[in-house]
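Peer 1: The file below is coords35.pdb, PDB, C-alpha atoms:
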MODEL        1
ATOM      1  CA  MET A  67      84.633  85.354  -4.958  1.00  0.00           C
ATOM      2  CA  GLY A  68      82.025  82.997  -3.511  1.00  0.00           C
ATOM      3  CA  ASN A  69      80.851  79.917  -5.354  1.00  0.00           C
ATOM      4  CA  PHE A  70      77.489  79.867  -7.093  1.00  0.00           C
ATOM      5  CA  LEU A  71      75.059  77.781  -5.039  1.00  0.00           C
ATOM      6  CA  PRO A  72      71.771  76.359  -6.366  1.00  0.00           C
ATOM      7  CA  VAL A  73      68.692  78.294  -5.285  1.00  0.00           C
ATOM      8  CA  SER A  74      66.189  76.033  -3.588  1.00  0.00           C
ATOM      9  CA  GLY A  75      62.900  75.721  -5.448  1.00  0.00           C
ATOM     10  CA  LEU A  76      63.959  76.353  -9.064  1.00  0.00           C
ATOM     11  CA  THR A  77      66.230  74.422 -11.400  1.00  0.00           C
ATOM     12  CA  GLN A  78      69.259  76.115 -12.947  1.00  0.00           C
ATOM     13  CA  VAL A  79      69.092  79.248 -10.833  1.00  0.00           C
ATOM     14  CA  TRP A  80      72.127  80.022  -8.658  1.00  0.00           C
ATOM     15  CA  ALA A  81      73.010  82.729  -6.159  1.00  0.00           C
ATOM     16  CA  ARG A  82      76.146  83.941  -4.453  1.00  0.00           C
ATOM     17  CA  GLU A  83      77.797  86.761  -2.603  1.00  0.00           C
ATOM     18  CA  THR A  84      80.567  88.471  -4.541  1.00  0.00           C
ATOM     19  CA  SER A  85      83.570  89.584  -2.543  1.00  0.00           C
ATOM     20  CA  ARG A  86      84.760  93.151  -2.287  1.00  0.00           C
ATOM     21  CA  HIS A  87      88.344  94.157  -1.695  1.00  0.00           C
ATOM     22  CA  ILE A  88      87.953  97.292   0.411  1.00  0.00           C
ATOM     23  CA  ASP A  89      90.544  99.899   1.353  1.00  0.00           C
ATOM     24  CA  GLU A  90      90.630 103.630   2.095  1.00  0.00           C
ATOM     25  CA  ARG A  91      90.052 104.440  -1.619  1.00  0.00           C
ATOM     26  CA  GLY A  92      86.872 102.381  -1.960  1.00  0.00           C
ATOM     27  CA  TYR A  93      86.522  98.826  -3.225  1.00  0.00           C
ATOM     28  CA  PHE A  94      87.179  96.480  -6.137  1.00  0.00           C
ATOM     29  CA  SER A  95      84.936  93.526  -6.969  1.00  0.00           C
ATOM     30  CA  GLU A  96      85.064  90.858  -9.664  1.00  0.00           C
ATOM     31  CA  GLU A  97      81.509  90.236 -10.776  1.00  0.00           C
ATOM     32  CA  PHE A  98      82.008  87.356 -13.236  1.00  0.00           C
ATOM     33  CA  ARG A  99      84.697  84.886 -14.252  1.00  0.00           C
ATOM     34  CA  LEU A 100      83.912  82.461 -17.049  1.00  0.00           C
ATOM     35  CA  ASN A 101      85.857  79.666 -15.360  1.00  0.00           C
ATOM     36  CA  GLU A 102      83.605  79.973 -12.274  1.00  0.00           C
ATOM     37  CA  SER A 103      80.313  79.929 -14.191  1.00  0.00           C
ATOM     38  CA  PRO A 104      77.861  77.225 -13.088  1.00  0.00           C
ATOM     39  CA  VAL A 105      77.160  76.412 -16.759  1.00  0.00           C
ATOM     40  CA  SER A 106      79.320  76.346 -19.860  1.00  0.00           C
ATOM     41  CA  GLY A 107      78.510  77.790 -23.245  1.00  0.00           C
ATOM     42  CA  VAL A 108      76.708  80.944 -22.089  1.00  0.00           C
ATOM     43  CA  ASN A 109      77.873  83.835 -24.221  1.00  0.00           C
ATOM     44  CA  PHE A 110      76.968  87.170 -22.665  1.00  0.00           C
ATOM     45  CA  VAL A 111      76.446  89.832 -25.350  1.00  0.00           C
ATOM     46  CA  GLN A 112      74.996  92.817 -23.477  1.00  0.00           C
ATOM     47  CA  ASP A 113      75.527  94.587 -20.162  1.00  0.00           C
ATOM     48  CA  SER A 114      72.820  96.871 -18.770  1.00  0.00           C
ATOM     49  CA  LEU A 115      72.443  98.992 -15.646  1.00  0.00           C
ATOM     50  CA  SER A 116      69.226  99.874 -13.812  1.00  0.00           C
ATOM     51  CA  TYR A 117      68.749 102.505 -11.103  1.00  0.00           C
ATOM     52  CA  SER A 118      65.511 102.448  -9.111  1.00  0.00           C
ATOM     53  CA  LYS A 119      64.153 104.373  -6.143  1.00  0.00           C
ATOM     54  CA  LYS A 120      62.504 102.991  -3.003  1.00  0.00           C
ATOM     55  CA  ASN A 121      59.228 101.108  -3.593  1.00  0.00           C
ATOM     56  CA  VAL A 122      59.804 100.759  -7.341  1.00  0.00           C
ATOM     57  CA  LEU A 123      58.776  97.355  -8.641  1.00  0.00           C
ATOM     58  CA  ARG A 124      60.042  96.195 -12.038  1.00  0.00           C
ATOM     59  CA  GLY A 125      58.719  93.036 -13.625  1.00  0.00           C
ATOM     60  CA  MET A 126      57.829  90.370 -14.177  1.00  0.00           C
ATOM     61  CA  HIS A 127      59.867  90.138 -17.410  1.00  0.00           C
ATOM     62  CA  ILE A 128      60.964  87.247 -19.587  1.00  0.00           C
ATOM     63  CA  GLN A 129      62.868  87.326 -22.852  1.00  0.00           C
ATOM     64  CA  ALA A 130      62.950  84.066 -24.830  1.00  0.00           C
ATOM     65  CA  ASP A 131      66.235  82.113 -24.739  1.00  0.00           C
ATOM     66  CA  GLN A 132      67.985  84.548 -22.404  1.00  0.00           C
ATOM     67  CA  TRP A 133      70.453  83.715 -19.651  1.00  0.00           C
ATOM     68  CA  GLN A 134      70.947  86.533 -17.142  1.00  0.00           C
ATOM     69  CA  LEU A 135      73.523  87.299 -14.500  1.00  0.00           C
ATOM     70  CA  VAL A 136      71.919  89.849 -12.172  1.00  0.00           C
ATOM     71  CA  THR A 137      74.166  91.702  -9.718  1.00  0.00           C
ATOM     72  CA  LEU A 138      72.905  94.112  -7.087  1.00  0.00           C
ATOM     73  CA  ILE A 139      75.545  96.850  -6.845  1.00  0.00           C
ATOM     74  CA  THR A 140      73.960  99.010  -4.131  1.00  0.00           C
ATOM     75  CA  GLY A 141      70.828  98.796  -2.017  1.00  0.00           C
ATOM     76  CA  LYS A 142      68.452  96.021  -1.074  1.00  0.00           C
ATOM     77  CA  ILE A 143      65.765  94.340  -3.189  1.00  0.00           C
ATOM     78  CA  VAL A 144      63.313  91.483  -3.137  1.00  0.00           C
ATOM     79  CA  ASP A 145      63.816  89.470  -6.311  1.00  0.00           C
ATOM     80  CA  VAL A 146      60.909  87.273  -7.440  1.00  0.00           C
ATOM     81  CA  LEU A 147      61.340  84.475  -9.970  1.00  0.00           C
ATOM     82  CA  ILE A 148      58.894  82.017 -11.537  1.00  0.00           C
ATOM     83  CA  ASP A 149      59.666  79.070 -13.816  1.00  0.00           C
ATOM     84  CA  LEU A 150      57.657  79.295 -17.041  1.00  0.00           C
ATOM     85  CA  SER A 151      59.357  76.441 -18.941  1.00  0.00           C
ATOM     86  CA  PRO A 152      56.794  73.650 -19.447  1.00  0.00           C
ATOM     87  CA  GLU A 153      59.523  70.970 -19.715  1.00  0.00           C
ATOM     88  CA  SER A 154      61.160  71.997 -16.418  1.00  0.00           C
ATOM     89  CA  PRO A 155      60.697  69.929 -13.245  1.00  0.00           C
ATOM     90  CA  THR A 156      60.000  73.190 -11.386  1.00  0.00           C
ATOM     91  CA  TYR A 157      57.426  74.509 -13.916  1.00  0.00           C
ATOM     92  CA  LYS A 158      55.070  77.059 -12.306  1.00  0.00           C
ATOM     93  CA  LYS A 159      57.129  77.167  -9.095  1.00  0.00           C
ATOM     94  CA  SER A 160      58.023  80.608  -7.761  1.00  0.00           C
ATOM     95  CA  ILE A 161      60.414  81.958  -5.157  1.00  0.00           C
ATOM     96  CA  SER A 162      61.595  85.234  -3.715  1.00  0.00           C
ATOM     97  CA  ILE A 163      65.148  86.076  -2.699  1.00  0.00           C
ATOM     98  CA  GLU A 164      66.338  89.120  -0.788  1.00  0.00           C
ATOM     99  CA  LEU A 165      69.480  90.564  -2.327  1.00  0.00           C
ATOM    100  CA  SER A 166      71.616  93.128  -0.526  1.00  0.00           C
ATOM    101  CA  SER A 167      74.835  94.922  -1.382  1.00  0.00           C
ATOM    102  CA  GLU A 168      75.989  93.787   2.081  1.00  0.00           C
ATOM    103  CA  GLY A 169      75.386  90.060   1.490  1.00  0.00           C
ATOM    104  CA  LEU A 170      73.897  87.760  -1.141  1.00  0.00           C
ATOM    105  CA  ASN A 171      73.970  90.037  -4.174  1.00  0.00           C
ATOM    106  CA  GLN A 172      74.068  87.994  -7.386  1.00  0.00           C
ATOM    107  CA  ILE A 173      71.809  85.501  -9.177  1.00  0.00           C
ATOM    108  CA  PHE A 174      72.437  83.514 -12.356  1.00  0.00           C
ATOM    109  CA  VAL A 175      69.177  82.719 -14.150  1.00  0.00           C
ATOM    110  CA  ARG A 176      68.473  80.345 -17.048  1.00  0.00           C
ATOM    111  CA  PRO A 177      66.061  80.946 -19.928  1.00  0.00           C
ATOM    112  CA  GLY A 178      62.410  80.323 -19.117  1.00  0.00           C
ATOM    113  CA  ILE A 179      62.452  82.112 -15.769  1.00  0.00           C
ATOM    114  CA  ALA A 180      60.418  85.311 -15.393  1.00  0.00           C
ATOM    115  CA  HIS A 181      62.098  87.791 -13.084  1.00  0.00           C
ATOM    116  CA  GLY A 182      61.178  90.983 -11.271  1.00  0.00           C
ATOM    117  CA  TYR A 183      62.286  92.949  -8.263  1.00  0.00           C
ATOM    118  CA  GLY A 184      61.086  95.503  -5.745  1.00  0.00           C
ATOM    119  CA  VAL A 185      63.387  98.027  -4.089  1.00  0.00           C
ATOM    120  CA  ILE A 186      63.172  97.984  -0.288  1.00  0.00           C
ATOM    121  CA  SER A 187      66.097 100.334   0.417  1.00  0.00           C
ATOM    122  CA  GLU A 188      66.228 104.066  -0.424  1.00  0.00           C
ATOM    123  CA  ASP A 189      67.433 103.143  -3.919  1.00  0.00           C
ATOM    124  CA  ALA A 190      69.201 100.325  -5.768  1.00  0.00           C
ATOM    125  CA  VAL A 191      71.588  99.874  -8.690  1.00  0.00           C
ATOM    126  CA  ILE A 192      71.437  96.600 -10.589  1.00  0.00           C
ATOM    127  CA  HIS A 193      73.789  95.320 -13.293  1.00  0.00           C
ATOM    128  CA  TYR A 194      72.615  92.733 -15.843  1.00  0.00           C
ATOM    129  CA  LYS A 195      74.686  90.552 -18.134  1.00  0.00           C
ATOM    130  CA  SER A 196      72.463  89.053 -20.840  1.00  0.00           C
ATOM    131  CA  SER A 197      73.041  86.339 -23.421  1.00  0.00           C
ATOM    132  CA  VAL A 198      70.543  87.898 -25.852  1.00  0.00           C
ATOM    133  CA  TYR A 199      70.437  91.479 -27.095  1.00  0.00           C
ATOM    134  CA  TYR A 200      67.496  93.390 -25.670  1.00  0.00           C
ATOM    135  CA  GLY A 201      64.602  93.396 -28.118  1.00  0.00           C
ATOM    136  CA  GLU A 202      65.978  90.784 -30.511  1.00  0.00           C
ATOM    137  CA  THR A 203      63.829  87.881 -29.303  1.00  0.00           C
ATOM    138  CA  PRO A 204      60.206  87.735 -28.164  1.00  0.00           C
ATOM    139  CA  GLN A 205      59.650  89.539 -24.868  1.00  0.00           C
ATOM    140  CA  PHE A 206      56.830  88.779 -22.492  1.00  0.00           C
ATOM    141  CA  GLY A 207      55.641  89.875 -19.125  1.00  0.00           C
ATOM    142  CA  LEU A 208      53.568  88.466 -16.314  1.00  0.00           C
ATOM    143  CA  LEU A 209      51.474  90.583 -13.965  1.00  0.00           C
ATOM    144  CA  TRP A 210      53.481  90.882 -10.755  1.00  0.00           C
ATOM    145  CA  SER A 211      50.348  90.741  -8.607  1.00  0.00           C
ATOM    146  CA  SER A 212      48.971  87.521 -10.124  1.00  0.00           C
ATOM    147  CA  ASN A 213      47.617  85.166  -7.455  1.00  0.00           C
ATOM    148  CA  GLU A 214      50.606  82.858  -7.995  1.00  0.00           C
ATOM    149  CA  LEU A 215      53.060  85.660  -7.098  1.00  0.00           C
ATOM    150  CA  ALA A 216      51.286  88.161  -4.837  1.00  0.00           C
ATOM    151  CA  HIS A 217      52.359  86.396  -1.613  1.00  0.00           C
ATOM    152  CA  LEU A 218      56.051  86.728  -2.532  1.00  0.00           C
ATOM    153  CA  TRP A 219      56.140  90.529  -2.423  1.00  0.00           C
ATOM    154  CA  PRO A 220      56.404  92.490   0.843  1.00  0.00           C
ATOM    155  CA  GLU A 221      53.279  94.498   1.572  1.00  0.00           C
ATOM    156  CA  ARG A 222      53.785  98.110   0.583  1.00  0.00           C
ATOM    157  CA  GLU A 223      52.627 100.690  -1.942  1.00  0.00           C
ATOM    158  CA  TRP A 224      54.651  99.723  -5.027  1.00  0.00           C
ATOM    159  CA  PHE A 225      55.349 102.135  -7.860  1.00  0.00           C
ATOM    160  CA  VAL A 226      54.902 100.091 -11.054  1.00  0.00           C
ATOM    161  CA  SER A 227      55.109 101.294 -14.672  1.00  0.00           C
ATOM    162  CA  SER A 228      51.944 101.215 -16.769  1.00  0.00           C
ATOM    163  CA  ARG A 229      53.585  98.607 -19.031  1.00  0.00           C
ATOM    164  CA  ASP A 230      54.299  96.259 -16.091  1.00  0.00           C
ATOM    165  CA  SER A 231      50.834  96.916 -14.594  1.00  0.00           C
ATOM    166  CA  ASN A 232      49.172  95.782 -17.814  1.00  0.00           C
ATOM    167  CA  PHE A 233      50.936  92.451 -18.284  1.00  0.00           C
ATOM    168  CA  PRO A 234      48.587  89.447 -18.393  1.00  0.00           C
ATOM    169  CA  GLU A 235      47.698  87.364 -15.345  1.00  0.00           C
ATOM    170  CA  PHE A 236      49.595  84.087 -14.954  1.00  0.00           C
ATOM    171  CA  GLN A 237      46.925  81.797 -16.463  1.00  0.00           C
ATOM    172  CA  GLU A 238      46.412  84.111 -19.432  1.00  0.00           C
ATOM    173  CA  LEU A 239      50.153  84.254 -20.181  1.00  0.00           C
ATOM    174  CA  ILE A 240      50.823  80.506 -20.041  1.00  0.00           C
ATOM    175  CA  THR A 241      47.912  79.774 -22.392  1.00  0.00           C
ATOM    176  CA  ASP A 242      49.001  82.436 -24.920  1.00  0.00           C
ATOM    177  CA  SER A 243      50.059  80.568 -28.095  1.00  0.00           C
ATOM    178  CA  LEU A 244      52.831  83.084 -28.962  1.00  0.00           C
ATOM    179  CA  PHE A 245      54.336  82.658 -25.501  1.00  0.00           C
ATOM    180  CA  THR A 246      54.051  78.865 -25.635  1.00  0.00           C
ATOM    181  CA  GLN A 247      55.906  78.780 -28.981  1.00  0.00           C
ATOM    182  CA  ALA A 248      58.639  81.103 -27.669  1.00  0.00           C
ATOM    183  CA  VAL A 249      59.460  79.073 -24.537  1.00  0.00           C
ATOM    184  CA  ASN A 250      59.365  75.663 -26.232  1.00  0.00           C
TER
ENDMDL
END
In structure tokens, write the structure found in this file.
Peer 2:
Amino acid sequence: MGNFLPVSGLTQVWARETSRHIDERGYFSEEFRLNESPVSGVNFVQDSLSYSKKNVLRGMHIQADQWQLVTLITGKIVDVLIDLSPESPTYKKSISIELSSEGLNQIFVRPGIAHGYGVISEDAVIHYKSSVYYGETPQFGLLWSSNELAHLWPEREWFVSSRDSNFPEFQELITDSLFTQAVN
């Protein structure tokens, strides 16, 4: 398995390519080994799977105090991340990373980072390991098309849920007192 490498532009976000052992039956891949984690003390408590079709955009989501290990199983996506932790040296910085089942396919993300992705292949399957149970801490969202993020997405007609389409703009979210309390 490849080593986790820091992602340029955001603190405590890493990416890597997992290795697949392929033969005539298919393949086997180790997705996570605790002794290879870039940080210690992260206790993953939930695994989730997401299937999305071409041009589906999910995000931007943030759940307070949550570490995530995101693995693209099949397909190709553009993953967009923005640092919403006021104490972070990369506060308000955003990046996009292309993940592919044929290359870089895994990111390890610290709390305080909002995350979303758009499917650019026919479909995509994504596996999440989370350190917080879904719904047990405050959840927030940021409008994917906010001025601070719009340039990071490829131009296309995205299919976005009504929930994700109604998240607040960047400036509105970071001045929301409930959000500020949750990320501090």
Peer 1: Measuring atom to atom with all atoms listed in the file, identify which of A:His127, A:Arg222, A:Arg229, A:Arg82 is nearest to Ile163 in chain A.
Peer 2: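 Of A:His127, A:Arg222, A:Arg229, A:Arg82, the one nearest Ile163 in chain A is A:Arg82, counting all atoms listed in the file.
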Peer 1: Counting all atoms listed in the file, what is within 12 Å of range 99-116 of chain A, bar same-chain residues fewer than 2 positions away, as a ChimeraX atom specification?
Peer 2: /A:67-72,78-82,84,95-97,118-119,122-124,131-141,173-177,183,185,189-202
Peer 1: How far is it from CA of Pro152 in chain A to CA of Asp242 in chain A, in Å with one decimal?
Peer 2: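 Distance between the two atoms: 13.0 Å.
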Peer 1: Please write out, as AutoDock Vina command-line options, where the centre of an axis-aligned box around all listed atoms of range 189-197 of chain A lies and how long its edges are, in Å to one decimal, after adding 3 Å on each side.
Peer 2:
--center_x 71.1 --center_y 94.7 --center_z -13.7 --size_x 13.3 --size_y 22.8 --size_z 25.5
Peer 1: Given the file above and the PyMOL selection byres ((chain A and resi 205) around 8), which residues are selected, and can you give them as a list in words?
Peer 2: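 Selection result, ordered by chain and number: His127, Ile128, Gln129, Ala130, Gly201, Thr203, Pro204, Phe206 and Gly207 of chain A.
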Peer 1: Go ahead and dump the residues you just picked, C-alpha atoms, as a compact mmCIF listing (two decimals), keeping the file's coordinate frame.
Peer 2:
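Once everything was written out, this is selection.txt:
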# COMPACT_ATOMS: atom_id res chain seq x y z
CA HIS A 127 59.87 90.14 -17.41
CA ILE A 128 60.96 87.25 -19.59
CA GLN A 129 62.87 87.33 -22.85
CA ALA A 130 62.95 84.07 -24.83
CA GLY A 201 64.60 93.40 -28.12
CA THR A 203 63.83 87.88 -29.30
CA PRO A 204 60.21 87.74 -28.16
CA PHE A 206 56.83 88.78 -22.49
CA GLY A 207 55.64 89.88 -19.12
Peer 1: For Val146 in chain A, which residue among A:Glu164, A:Asp230, A:Glu238, A:Glu221 is the nearest when counting all atoms listed in the file?
Peer 2: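 Of all the options, A:Glu164 lies closest to Val146 in chain A.
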Peer 1: Generate the coordinates of N, CA and C atoms for range 164-191 of chain A; report them as a tab-separated table (two decimals), keeping the file's coordinate frame.
Peer 2:
chain	number	residue	atom	x	y	z
A	164	GLU	N	65.92	87.77	-1.14
A	164	GLU	CA	66.34	89.12	-0.79
A	164	GLU	C	67.81	89.26	-1.15
A	165	LEU	N	68.11	90.25	-1.96
A	165	LEU	CA	69.48	90.56	-2.33
A	165	LEU	C	69.87	91.88	-1.66
A	166	SER	N	71.12	91.95	-1.21
A	166	SER	CA	71.62	93.13	-0.53
A	166	SER	C	73.07	93.37	-0.93
A	167	SER	N	73.44	94.61	-1.06
A	167	SER	CA	74.83	94.92	-1.38
A	167	SER	C	75.76	94.52	-0.24
A	168	GLU	N	75.20	94.19	0.91
A	168	GLU	CA	75.99	93.79	2.08
A	168	GLU	C	75.98	92.27	2.29
A	169	GLY	N	75.46	91.52	1.34
A	169	GLY	CA	75.39	90.06	1.49
A	169	GLY	C	75.18	89.40	0.14
A	170	LEU	N	74.24	88.45	0.10
A	170	LEU	CA	73.90	87.76	-1.14
A	170	LEU	C	73.48	88.81	-2.16
A	171	ASN	N	74.23	88.92	-3.26
A	171	ASN	CA	73.97	90.04	-4.17
A	171	ASN	C	73.97	89.66	-5.65
A	172	GLN	N	74.00	88.36	-5.98
A	172	GLN	CA	74.07	87.99	-7.39
A	172	GLN	C	73.27	86.72	-7.64
A	173	ILE	N	72.50	86.71	-8.76
A	173	ILE	CA	71.81	85.50	-9.18
A	173	ILE	C	72.10	85.25	-10.65
A	174	PHE	N	72.18	83.98	-11.00
A	174	PHE	CA	72.44	83.51	-12.36
A	174	PHE	C	71.18	82.75	-12.77
A	175	VAL	N	70.50	83.21	-13.81
A	175	VAL	CA	69.18	82.72	-14.15
A	175	VAL	C	69.14	82.17	-15.58
A	176	ARG	N	68.58	80.98	-15.73
A	176	ARG	CA	68.47	80.34	-17.05
A	176	ARG	C	67.28	80.89	-17.83
A	177	PRO	N	67.24	80.60	-19.14
A	177	PRO	CA	66.06	80.95	-19.93
A	177	PRO	C	64.81	80.26	-19.37
A	178	GLY	N	63.67	80.90	-19.57
A	178	GLY	CA	62.41	80.32	-19.12
A	178	GLY	C	61.98	80.77	-17.74
A	179	ILE	N	62.79	81.60	-17.10
A	179	ILE	CA	62.45	82.11	-15.77
A	179	ILE	C	62.04	83.58	-15.91
A	180	ALA	N	60.84	83.90	-15.45
A	180	ALA	CA	60.42	85.31	-15.39
A	180	ALA	C	60.97	85.90	-14.10
A	181	HIS	N	61.36	87.16	-14.18
A	181	HIS	CA	62.10	87.79	-13.08
A	181	HIS	C	61.59	89.21	-12.87
A	182	GLY	N	61.52	89.61	-11.62
A	182	GLY	CA	61.18	90.98	-11.27
A	182	GLY	C	61.73	91.30	-9.90
A	183	TYR	N	61.78	92.57	-9.58
A	183	TYR	CA	62.29	92.95	-8.26
A	183	TYR	C	61.60	94.20	-7.75
A	184	GLY	N	61.59	94.33	-6.43
A	184	GLY	CA	61.09	95.50	-5.74
A	184	GLY	C	62.17	96.06	-4.84
A	185	VAL	N	62.34	97.37	-4.88
A	185	VAL	CA	63.39	98.03	-4.09
A	185	VAL	C	62.86	98.30	-2.68
A	186	ILE	N	63.59	97.79	-1.68
A	186	ILE	CA	63.17	97.98	-0.29
A	186	ILE	C	64.13	98.89	0.49
A	187	SER	N	65.20	99.33	-0.17
A	187	SER	CA	66.10	100.33	0.42
A	187	SER	C	65.75	101.69	-0.20
A	188	GLU	N	66.50	102.74	0.14
A	188	GLU	CA	66.23	104.07	-0.42
A	188	GLU	C	66.35	104.08	-1.95
A	189	ASP	N	67.28	103.31	-2.48
A	189	ASP	CA	67.43	103.14	-3.92
A	189	ASP	C	68.28	101.90	-4.16
A	190	ALA	N	68.42	101.52	-5.43
A	190	ALA	CA	69.20	100.32	-5.77
A	190	ALA	C	69.76	100.47	-7.17
A	191	VAL	N	70.96	99.93	-7.37
A	191	VAL	CA	71.59	99.87	-8.69
A	191	VAL	C	71.82	98.40	-9.01
